[in-house]
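Structure below is structure_33.cif: mmCIF, C-alpha atoms.
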data_start
#
loop_
_atom_site.label_atom_id
_atom_site.label_comp_id
_atom_site.auth_asym_id
_atom_site.auth_seq_id
_atom_site.Cartn_x
_atom_site.Cartn_y
_atom_site.Cartn_z
CA MET A 23 55.93 -71.02 -87.13
CA LYS A 24 54.13 -67.75 -86.53
CA ILE A 25 51.48 -67.55 -83.82
CA LYS A 26 48.98 -66.34 -86.43
CA HIS A 27 49.31 -69.59 -88.34
CA ILE A 28 48.87 -71.64 -85.17
CA TYR A 29 45.50 -69.97 -84.49
CA GLU A 30 44.46 -70.45 -88.16
CA ILE A 31 45.25 -74.18 -88.04
CA ALA A 32 43.47 -74.64 -84.70
CA TRP A 33 40.37 -72.80 -85.94
CA ALA A 34 40.33 -74.82 -89.15
CA LEU A 35 40.49 -78.12 -87.22
CA LEU A 36 37.66 -77.03 -84.94
CA LEU A 37 35.42 -76.12 -87.86
CA ALA A 38 36.33 -79.26 -89.80
CA ARG A 39 34.46 -81.42 -87.25
CA SER A 40 32.03 -78.88 -85.87
CA LYS A 41 29.58 -81.46 -84.44
CA GLN A 42 32.30 -83.27 -82.48
CA THR A 43 33.66 -79.93 -81.29
CA LEU A 44 30.18 -78.90 -80.07
CA VAL A 45 29.65 -82.21 -78.23
CA ALA A 46 33.07 -81.98 -76.59
CA ALA A 47 32.46 -78.37 -75.53
CA ILE A 48 29.05 -79.22 -74.05
CA GLY A 49 30.53 -82.24 -72.24
CA VAL A 50 33.33 -80.23 -70.71
CA THR A 51 30.95 -77.41 -69.73
CA PHE A 52 28.50 -79.84 -68.10
CA SER A 53 31.29 -81.67 -66.23
CA VAL A 54 32.81 -78.48 -64.86
CA ALA A 55 29.37 -77.13 -63.87
CA PHE A 56 28.49 -80.40 -62.09
CA PHE A 57 31.84 -80.43 -60.29
CA ILE A 58 31.33 -76.85 -59.08
CA SER A 59 27.78 -77.70 -57.92
CA LEU A 60 29.05 -80.76 -56.04
CA LEU A 61 31.76 -78.72 -54.32
CA GLY A 62 29.14 -76.15 -53.28
CA PHE A 63 26.88 -78.89 -51.91
CA MET A 64 29.71 -80.46 -49.91
CA GLU A 65 30.78 -77.07 -48.57
CA GLY A 66 27.23 -76.35 -47.44
CA LEU A 67 26.86 -79.81 -45.89
CA ASN A 68 30.12 -79.42 -43.99
CA ALA A 69 28.99 -76.03 -42.69
CA LEU A 70 25.66 -77.55 -41.57
CA LEU A 71 27.36 -80.43 -39.75
CA ASP A 72 29.85 -78.05 -38.13
CA GLY A 73 26.96 -75.94 -36.92
CA LEU A 74 24.95 -78.87 -35.58
CA VAL A 75 27.76 -80.91 -34.09
CA LEU A 76 30.91 -78.91 -33.48
CA ASN A 77 29.42 -75.50 -32.72
CA ARG A 78 26.55 -76.77 -30.54
CA THR A 79 28.34 -79.58 -28.71
CA PRO A 80 30.65 -78.96 -25.73
CA HIS A 81 34.12 -80.46 -26.01
CA VAL A 82 33.80 -81.83 -22.48
CA ARG A 83 30.62 -82.27 -20.44
CA LEU A 84 30.63 -82.73 -16.66
CA TYR A 85 27.58 -84.28 -14.98
CA ASN A 86 26.43 -86.82 -12.40
CA ASP A 87 25.38 -90.04 -14.06
CA ILE A 88 22.67 -92.25 -12.54
CA ARG A 89 24.07 -95.75 -12.14
CA PRO A 90 23.66 -98.75 -9.82
CA SER A 91 25.76 -98.80 -6.68
CA THR A 92 29.07 -100.58 -7.27
CA ILE A 93 29.25 -101.77 -3.64
CA GLN A 94 26.46 -104.04 -2.36
CA ALA A 95 25.75 -105.07 1.23
CA ILE A 96 27.04 -108.60 0.63
CA ASP A 97 30.43 -107.19 -0.38
CA LEU A 98 30.81 -105.68 3.10
CA HIS A 99 30.28 -109.01 4.89
CA LYS A 100 33.54 -110.50 6.16
CA GLU A 101 32.53 -114.02 5.19
CA TYR A 102 32.25 -113.09 1.49
CA THR A 103 35.08 -110.60 1.05
CA GLU A 104 37.18 -113.06 -0.98
CA SER A 105 34.24 -114.42 -2.98
CA HIS A 106 32.73 -113.42 -6.32
CA ASN A 107 29.24 -112.13 -5.53
CA PHE A 108 26.57 -111.86 -8.20
CA VAL A 109 23.63 -109.59 -7.42
CA HIS A 110 20.90 -109.27 -10.05
CA SER A 111 18.39 -106.45 -10.72
CA ILE A 112 20.46 -103.81 -8.94
CA LYS A 113 18.59 -100.53 -8.69
CA PRO A 114 20.30 -97.14 -9.16
CA ALA A 115 21.59 -95.50 -6.03
CA ASN A 116 19.69 -92.52 -4.65
CA ALA A 117 22.26 -90.05 -5.96
CA ARG A 118 21.83 -86.35 -6.55
CA LYS A 119 21.68 -85.12 -10.12
CA GLU A 120 23.09 -81.69 -9.36
CA ILE A 121 26.83 -81.10 -9.31
CA TYR A 122 28.24 -80.65 -5.83
CA ASN A 123 30.43 -77.61 -5.14
CA VAL A 124 29.69 -76.32 -8.64
CA GLU A 125 30.97 -72.78 -8.08
CA ALA A 126 34.45 -73.97 -7.09
CA ILE A 127 34.58 -76.32 -10.10
CA ILE A 128 33.61 -73.54 -12.52
CA ASN A 129 36.19 -71.17 -11.05
CA SER A 130 38.86 -73.86 -11.33
CA LEU A 131 37.96 -74.55 -14.96
CA LYS A 132 38.01 -70.85 -15.88
CA ALA A 133 41.52 -70.60 -14.43
CA ASP A 134 42.71 -73.49 -16.63
CA PRO A 135 44.64 -72.01 -19.60
CA ARG A 136 43.48 -74.89 -21.83
CA VAL A 137 39.81 -73.91 -21.39
CA LEU A 138 38.21 -71.37 -23.71
CA GLY A 139 35.00 -71.03 -21.72
CA VAL A 140 32.51 -72.68 -19.36
CA ALA A 141 28.72 -72.66 -19.66
CA PRO A 142 26.56 -74.09 -16.83
CA LYS A 143 23.27 -75.74 -17.75
CA VAL A 144 20.13 -77.12 -16.10
CA THR A 145 17.85 -79.60 -17.85
CA ALA A 146 14.21 -80.14 -16.87
CA GLN A 147 11.77 -82.69 -18.22
CA ALA A 148 8.35 -81.13 -18.71
CA PHE A 149 5.08 -81.30 -20.62
CA TYR A 150 3.81 -78.57 -22.94
CA ASN A 151 0.08 -78.18 -22.28
CA LEU A 152 -2.02 -78.07 -25.44
CA GLY A 153 -5.58 -78.04 -24.12
CA ALA A 154 -6.20 -81.49 -22.66
CA ILE A 155 -3.14 -82.87 -24.50
CA GLU A 156 0.33 -82.89 -22.97
CA LEU A 157 3.35 -82.85 -25.29
CA ASN A 158 6.54 -84.37 -23.96
CA GLY A 159 9.45 -81.95 -23.90
CA ILE A 160 12.81 -80.95 -22.47
CA ILE A 161 13.49 -77.43 -21.22
CA ASN A 162 17.12 -76.31 -21.10
CA GLY A 163 18.16 -73.62 -18.68
CA VAL A 164 21.26 -71.87 -20.02
CA ASP A 165 23.58 -68.99 -19.28
CA VAL A 166 22.54 -66.93 -22.29
CA ASP A 167 25.75 -64.91 -22.69
CA GLU A 168 28.07 -67.92 -22.45
CA GLU A 169 25.80 -70.08 -24.61
CA ALA A 170 25.96 -67.43 -27.34
CA ARG A 171 29.71 -66.85 -27.01
CA LEU A 172 30.74 -70.50 -26.96
CA PHE A 173 28.03 -72.33 -28.92
CA ASN A 174 26.60 -69.68 -31.29
CA PHE A 175 23.17 -69.95 -29.69
CA GLN A 176 22.02 -66.69 -31.28
CA GLU A 177 22.46 -68.09 -34.81
CA TYR A 178 19.66 -70.62 -34.28
CA VAL A 179 17.17 -68.19 -32.72
CA PHE A 180 14.81 -66.32 -35.04
CA GLU A 181 11.75 -64.08 -34.60
CA GLY A 182 13.20 -62.94 -31.32
CA ASN A 183 16.33 -61.88 -29.45
CA HIS A 184 18.10 -64.50 -27.33
CA LEU A 185 19.12 -61.80 -24.81
CA GLU A 186 15.46 -61.39 -23.81
CA LEU A 187 15.72 -64.66 -21.89
CA GLU A 188 17.78 -62.85 -19.25
CA ASN A 189 15.81 -59.60 -19.36
CA THR A 190 12.26 -61.01 -19.43
CA PRO A 191 11.22 -63.08 -16.38
CA ASN A 192 9.51 -66.43 -17.05
CA SER A 193 10.25 -66.35 -20.78
CA ILE A 194 10.94 -69.21 -23.17
CA ILE A 195 12.37 -69.78 -26.65
CA LEU A 196 10.36 -72.62 -28.14
CA GLY A 197 11.71 -75.25 -30.49
CA MET A 198 10.15 -74.74 -33.91
CA GLY A 199 8.57 -78.18 -33.92
CA VAL A 200 6.84 -77.53 -30.59
CA ALA A 201 5.72 -74.08 -31.71
CA GLU A 202 4.10 -75.48 -34.87
CA LYS A 203 2.19 -78.09 -32.88
CA MET A 204 0.97 -75.51 -30.37
CA LEU A 205 0.35 -72.84 -33.03
CA ALA A 206 2.32 -70.53 -30.75
CA LYS A 207 3.35 -67.04 -31.79
CA LYS A 208 5.79 -64.58 -30.34
CA GLY A 209 4.25 -62.93 -27.28
CA ASP A 210 1.90 -65.84 -26.48
CA ILE A 211 1.66 -67.27 -22.97
CA ILE A 212 1.98 -71.06 -22.83
CA GLN A 213 1.51 -73.51 -19.98
CA VAL A 214 4.08 -76.14 -19.03
CA THR A 215 3.86 -78.84 -16.38
CA THR A 216 6.93 -80.26 -14.66
CA ILE A 217 7.34 -83.92 -13.77
CA ASN A 218 6.54 -82.92 -10.16
CA GLY A 219 3.07 -81.77 -11.27
CA GLU A 220 3.75 -78.03 -10.91
CA GLN A 221 2.27 -75.83 -13.65
CA PHE A 222 3.91 -72.63 -14.88
CA SER A 223 3.07 -69.91 -17.37
CA LEU A 224 5.87 -68.85 -19.73
CA LYS A 225 5.99 -66.08 -22.32
CA VAL A 226 7.19 -67.00 -25.82
CA ILE A 227 9.89 -64.52 -26.90
CA GLY A 228 11.30 -66.40 -29.89
CA PHE A 229 11.82 -69.68 -31.66
CA PHE A 230 14.76 -72.05 -31.97
CA GLN A 231 15.54 -74.12 -35.05
CA SER A 232 18.58 -76.39 -35.11
CA GLY A 233 17.87 -78.07 -38.44
CA ILE A 234 17.06 -81.44 -36.86
CA ALA A 235 13.28 -81.87 -36.76
CA GLU A 236 13.21 -84.47 -33.97
CA PHE A 237 15.32 -82.20 -31.79
CA ASP A 238 13.15 -79.14 -32.40
CA LYS A 239 9.96 -81.05 -31.51
CA VAL A 240 10.92 -81.36 -27.84
CA GLN A 241 13.71 -78.89 -27.00
CA SER A 242 13.16 -75.36 -25.69
CA TYR A 243 15.32 -72.85 -23.85
CA VAL A 244 14.90 -70.66 -20.77
CA SER A 245 17.32 -68.83 -18.49
CA LEU A 246 19.07 -70.64 -15.64
CA ALA A 247 16.96 -68.86 -13.04
CA THR A 248 13.69 -69.79 -14.78
CA CYS A 249 14.67 -73.46 -15.11
CA GLN A 250 15.72 -73.61 -11.45
CA LYS A 251 12.34 -72.16 -10.55
CA LEU A 252 10.56 -74.81 -12.64
CA LEU A 253 12.38 -77.53 -10.72
CA GLY A 254 11.89 -75.84 -7.36
CA LYS A 255 15.67 -75.64 -6.82
CA GLN A 256 17.98 -72.99 -5.42
CA SER A 257 20.15 -70.69 -7.51
CA ASN A 258 23.24 -72.91 -7.09
CA TYR A 259 21.54 -75.94 -8.69
CA ILE A 260 23.45 -76.95 -11.86
CA SER A 261 23.11 -80.34 -13.56
CA ASP A 262 25.66 -79.92 -16.38
CA ILE A 263 28.88 -78.03 -16.94
CA GLN A 264 29.69 -77.51 -20.63
CA ILE A 265 33.34 -76.87 -21.45
CA LYS A 266 34.75 -75.44 -24.67
CA LEU A 267 38.48 -76.00 -25.13
CA LYS A 268 41.03 -74.04 -27.10
CA ASP A 269 42.13 -77.30 -28.73
CA MET A 270 39.36 -79.84 -29.32
CA ASN A 271 41.91 -82.65 -29.73
CA GLU A 272 42.68 -82.45 -26.01
CA ALA A 273 39.07 -83.33 -25.09
CA PRO A 274 39.52 -87.10 -24.42
CA ALA A 275 42.51 -86.61 -22.10
CA LEU A 276 40.99 -83.64 -20.28
CA ALA A 277 37.69 -85.46 -19.76
CA LYS A 278 39.52 -88.22 -17.87
CA GLU A 279 41.56 -85.65 -15.95
CA TYR A 280 38.50 -83.65 -14.86
CA ALA A 281 36.60 -86.81 -13.92
CA GLN A 282 39.35 -87.80 -11.49
CA LEU A 283 40.05 -84.27 -10.27
CA PHE A 284 36.45 -83.36 -9.46
CA ASN A 285 35.16 -86.91 -8.77
CA ILE A 286 32.44 -86.51 -11.39
CA ASP A 287 31.30 -88.13 -14.63
CA ALA A 288 32.73 -86.62 -17.81
CA GLU A 289 32.32 -87.27 -21.51
CA ASP A 290 34.16 -85.76 -24.46
CA ILE A 291 32.94 -84.80 -27.90
#

Take the structure in this file and express it as structure tokens.
Amino acid sequence: MKIKHIYEIAWALLLARSKQTLVAAIGVTFSVAFFISLLGFMEGLNALLDGLVLNRTPHVRLYNDIRPSTIQAIDLHKEYTESHNFVHSIKPANARKEIYNVEAIINSLKADPRVLGVAPKVTAQAFYNLGAIELNGIINGVDVDEEARLFNFQEYVFEGNHLELENTPNSIILGMGVAEKMLAKKGDIIQVTTINGEQFSLKVIGFFQSGIAEFDKVQSYVSLATCQKLLGKQSNYISDIQIKLKDMNEAPALAKEYAQLFNIDAEDI
């Protein structure tokens, strides 16, 4: 059979039941369009989750956890060494939050071929002063260059340049939720109060928006030096070490390894 006749027969069959042909064509068009839209939505959702979770979360985090002392005075008494002692309402030990010998730990991690990068961090609880009202908040002191290289910090900063944190003393990048409550604009001077009662003036150089409203209502960012100043600590004070690995699948094993090696608490992604 010639190809010309095949087309003639097909066209004749399509026109013979034109209404059914139209319905079928519309159905197929709608189904394909919906499928493409759904794929686009899932692709965008995956990109959002990657940005919020994978890109912004360290593969391994080193820190000093606050926990009750595992050894109580009764355990040291010779009479009760072979007994099971139950002590209730144990209070946390008076442990330091900062990481001891942090410079040596960071140098050791940077020399590890499995590690892509290391970003130190200091976290300070504070209050944003809005007249007579104090808004609860958390101020993160970060190494700006490493935070941008490892965790794409610059992608979440708008109306400002993240590099100004290092170049402008006493500057802050406000979370968008905090900025909206304070009606703050770029260039404004805001007041923050630390949990020790010290009050500081900080210049707003930009805004941070992660996409999670509850996060943006409390979180803000400053440089390491500024956060250490807020806490009244020296320049070697670091409360967290964020580690980005070349292979994220190694995170659970390396977290246990680093915890034993450096005698520190560690958690993986």

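With all atoms listed in the file as the atoms that count, the residue of A:Val140, A:Leu71, A:Ala235, A:Ala146 with the shortest distance to A:Gly254 is A:Ala146.
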
Atom CA of A:Val244 to atom CA of A:Glu186, distance in Å rounded to a single decimal: 9.8 Å

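The closest residue to A:Phe222, picked from A:Leu185, A:Glu279, A:Asn151, A:Ile195 and counting all atoms listed in the file, is A:Asn151.
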
Grab all the atoms of stretch 66-76 of chain A that the file lists, wrap them in a box along x, y and z, add 5 Å per side, and give me centre plus edge lengths in Å (one decimal) as AutoDock Vina command-line options.
--center_x 27.9 --center_y -78.4 --center_z -40.5 --size_x 16.0 --size_y 15.0 --size_z 24.0

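Atom CA of A:Asn183 is positioned 21.9 Å from atom CA of A:Leu70.
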
Selection dump of the PyMOL selection byres ((chain A and resi 273) around 7), as an MDAnalysis selection string: chainID A and resid 81:82 270:272 274:277 290:291

Selection export as a CSV table (one decimal), in the frame of the given file, atoms kept: C-alpha atoms:
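Contents of the output file again-v5.csv:
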chain,number,residue,atom,x,y,z
A,81,HIS,CA,34.1,-80.5,-26.0
A,82,VAL,CA,33.8,-81.8,-22.5
A,270,MET,CA,39.4,-79.8,-29.3
A,271,ASN,CA,41.9,-82.6,-29.7
A,272,GLU,CA,42.7,-82.4,-26.0
A,274,PRO,CA,39.5,-87.1,-24.4
A,275,ALA,CA,42.5,-86.6,-22.1
A,276,LEU,CA,41.0,-83.6,-20.3
A,277,ALA,CA,37.7,-85.5,-19.8
A,290,ASP,CA,34.2,-85.8,-24.5
A,291,ILE,CA,32.9,-84.8,-27.9

Expected residue set, 10 Å radius at (25.1, -77.6, -34.0), all atoms listed in the file, as number ranges by chain: A: 69-79, 173-175, 177-178, 232-234

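What separates atom CA of A:Glu188 from atom CA of A:Ser245 is a distance of 6.0 Å.
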
I'd like the contact shell of A:Gln221 - 10 Å cut-off, only C-alpha atoms, skipping same-chain residues fewer than 2 positions apart - returned as a ChimeraX atom specification. /A:148-151,213-219,223-224,252

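For the set A:His106, A:Lys143, A:His27, A:Arg171, the residue with the smallest atom-to-atom gap to A:Asp262 is A:Lys143, counting only C-alpha atoms.
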
Complete stretch 217-240 of chain A at the level of N, CA and C atoms, written as a PDB file, in the frame of the given file.
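For reference, rebuild-v7.pdb as written:
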ATOM      1  N   ILE A 217       7.584 -82.537 -14.146  1.00  0.00           N
ATOM      2  CA  ILE A 217       7.340 -83.920 -13.770  1.00  0.00           C
ATOM      3  C   ILE A 217       6.862 -84.028 -12.317  1.00  0.00           C
ATOM      4  N   ASN A 218       7.034 -82.940 -11.545  1.00  0.00           N
ATOM      5  CA  ASN A 218       6.540 -82.920 -10.160  1.00  0.00           C
ATOM      6  C   ASN A 218       5.078 -82.485 -10.088  1.00  0.00           C
ATOM      7  N   GLY A 219       4.470 -82.158 -11.245  1.00  0.00           N
ATOM      8  CA  GLY A 219       3.070 -81.770 -11.270  1.00  0.00           C
ATOM      9  C   GLY A 219       2.829 -80.278 -11.142  1.00  0.00           C
ATOM     10  N   GLU A 220       3.896 -79.481 -11.021  1.00  0.00           N
ATOM     11  CA  GLU A 220       3.750 -78.030 -10.910  1.00  0.00           C
ATOM     12  C   GLU A 220       3.516 -77.432 -12.293  1.00  0.00           C
ATOM     13  N   GLN A 221       2.597 -76.471 -12.369  1.00  0.00           N
ATOM     14  CA  GLN A 221       2.270 -75.830 -13.650  1.00  0.00           C
ATOM     15  C   GLN A 221       2.750 -74.388 -13.641  1.00  0.00           C
ATOM     16  N   PHE A 222       3.363 -73.975 -14.763  1.00  0.00           N
ATOM     17  CA  PHE A 222       3.910 -72.630 -14.880  1.00  0.00           C
ATOM     18  C   PHE A 222       3.477 -72.002 -16.192  1.00  0.00           C
ATOM     19  N   SER A 223       3.376 -70.675 -16.166  1.00  0.00           N
ATOM     20  CA  SER A 223       3.070 -69.910 -17.370  1.00  0.00           C
ATOM     21  C   SER A 223       4.350 -69.241 -17.862  1.00  0.00           C
ATOM     22  N   LEU A 224       4.653 -69.406 -19.144  1.00  0.00           N
ATOM     23  CA  LEU A 224       5.870 -68.850 -19.730  1.00  0.00           C
ATOM     24  C   LEU A 224       5.524 -68.050 -20.980  1.00  0.00           C
ATOM     25  N   LYS A 225       6.226 -66.949 -21.168  1.00  0.00           N
ATOM     26  CA  LYS A 225       5.990 -66.080 -22.320  1.00  0.00           C
ATOM     27  C   LYS A 225       6.934 -66.459 -23.459  1.00  0.00           C
ATOM     28  N   VAL A 226       6.387 -66.654 -24.651  1.00  0.00           N
ATOM     29  CA  VAL A 226       7.190 -67.000 -25.820  1.00  0.00           C
ATOM     30  C   VAL A 226       7.841 -65.731 -26.369  1.00  0.00           C
ATOM     31  N   ILE A 227       9.176 -65.711 -26.406  1.00  0.00           N
ATOM     32  CA  ILE A 227       9.890 -64.520 -26.900  1.00  0.00           C
ATOM     33  C   ILE A 227      10.649 -64.819 -28.187  1.00  0.00           C
ATOM     34  N   GLY A 228      10.591 -66.061 -28.660  1.00  0.00           N
ATOM     35  CA  GLY A 228      11.300 -66.400 -29.890  1.00  0.00           C
ATOM     36  C   GLY A 228      11.216 -67.883 -30.165  1.00  0.00           C
ATOM     37  N   PHE A 229      11.851 -68.287 -31.250  1.00  0.00           N
ATOM     38  CA  PHE A 229      11.820 -69.680 -31.660  1.00  0.00           C
ATOM     39  C   PHE A 229      13.222 -70.152 -32.004  1.00  0.00           C
ATOM     40  N   PHE A 230      13.457 -71.436 -31.747  1.00  0.00           N
ATOM     41  CA  PHE A 230      14.760 -72.050 -31.970  1.00  0.00           C
ATOM     42  C   PHE A 230      14.636 -73.125 -33.042  1.00  0.00           C
ATOM     43  N   GLN A 231      15.561 -73.113 -34.003  1.00  0.00           N
ATOM     44  CA  GLN A 231      15.540 -74.120 -35.050  1.00  0.00           C
ATOM     45  C   GLN A 231      16.964 -74.592 -35.312  1.00  0.00           C
ATOM     46  N   SER A 232      17.236 -75.846 -34.967  1.00  0.00           N
ATOM     47  CA  SER A 232      18.580 -76.390 -35.110  1.00  0.00           C
ATOM     48  C   SER A 232      18.816 -76.989 -36.489  1.00  0.00           C
ATOM     49  N   GLY A 233      17.737 -77.377 -37.168  1.00  0.00           N
ATOM     50  CA  GLY A 233      17.870 -78.070 -38.440  1.00  0.00           C
ATOM     51  C   GLY A 233      17.561 -79.547 -38.333  1.00  0.00           C
ATOM     52  N   ILE A 234      17.433 -80.051 -37.103  1.00  0.00           N
ATOM     53  CA  ILE A 234      17.060 -81.440 -36.860  1.00  0.00           C
ATOM     54  C   ILE A 234      15.632 -81.442 -36.320  1.00  0.00           C
ATOM     55  N   ALA A 235      14.699 -81.964 -37.098  1.00  0.00           N
ATOM     56  CA  ALA A 235      13.280 -81.870 -36.760  1.00  0.00           C
ATOM     57  C   ALA A 235      12.955 -82.550 -35.436  1.00  0.00           C
ATOM     58  N   GLU A 236      13.512 -83.735 -35.199  1.00  0.00           N
ATOM     59  CA  GLU A 236      13.210 -84.470 -33.970  1.00  0.00           C
ATOM     60  C   GLU A 236      13.693 -83.704 -32.740  1.00  0.00           C
ATOM     61  N   PHE A 237      14.779 -82.999 -32.889  1.00  0.00           N
ATOM     62  CA  PHE A 237      15.320 -82.200 -31.790  1.00  0.00           C
ATOM     63  C   PHE A 237      14.409 -81.006 -31.506  1.00  0.00           C
ATOM     64  N   ASP A 238      13.960 -80.342 -32.559  1.00  0.00           N
ATOM     65  CA  ASP A 238      13.150 -79.140 -32.400  1.00  0.00           C
ATOM     66  C   ASP A 238      11.729 -79.432 -31.924  1.00  0.00           C
ATOM     67  N   LYS A 239      11.302 -80.698 -31.966  1.00  0.00           N
ATOM     68  CA  LYS A 239       9.960 -81.050 -31.510  1.00  0.00           C
ATOM     69  C   LYS A 239       9.842 -81.104 -29.990  1.00  0.00           C
ATOM     70  N   VAL A 240      10.967 -81.203 -29.296  1.00  0.00           N
ATOM     71  CA  VAL A 240      10.920 -81.360 -27.840  1.00  0.00           C
ATOM     72  C   VAL A 240      11.728 -80.299 -27.089  1.00  0.00           C
TER      73      VAL A 240
END
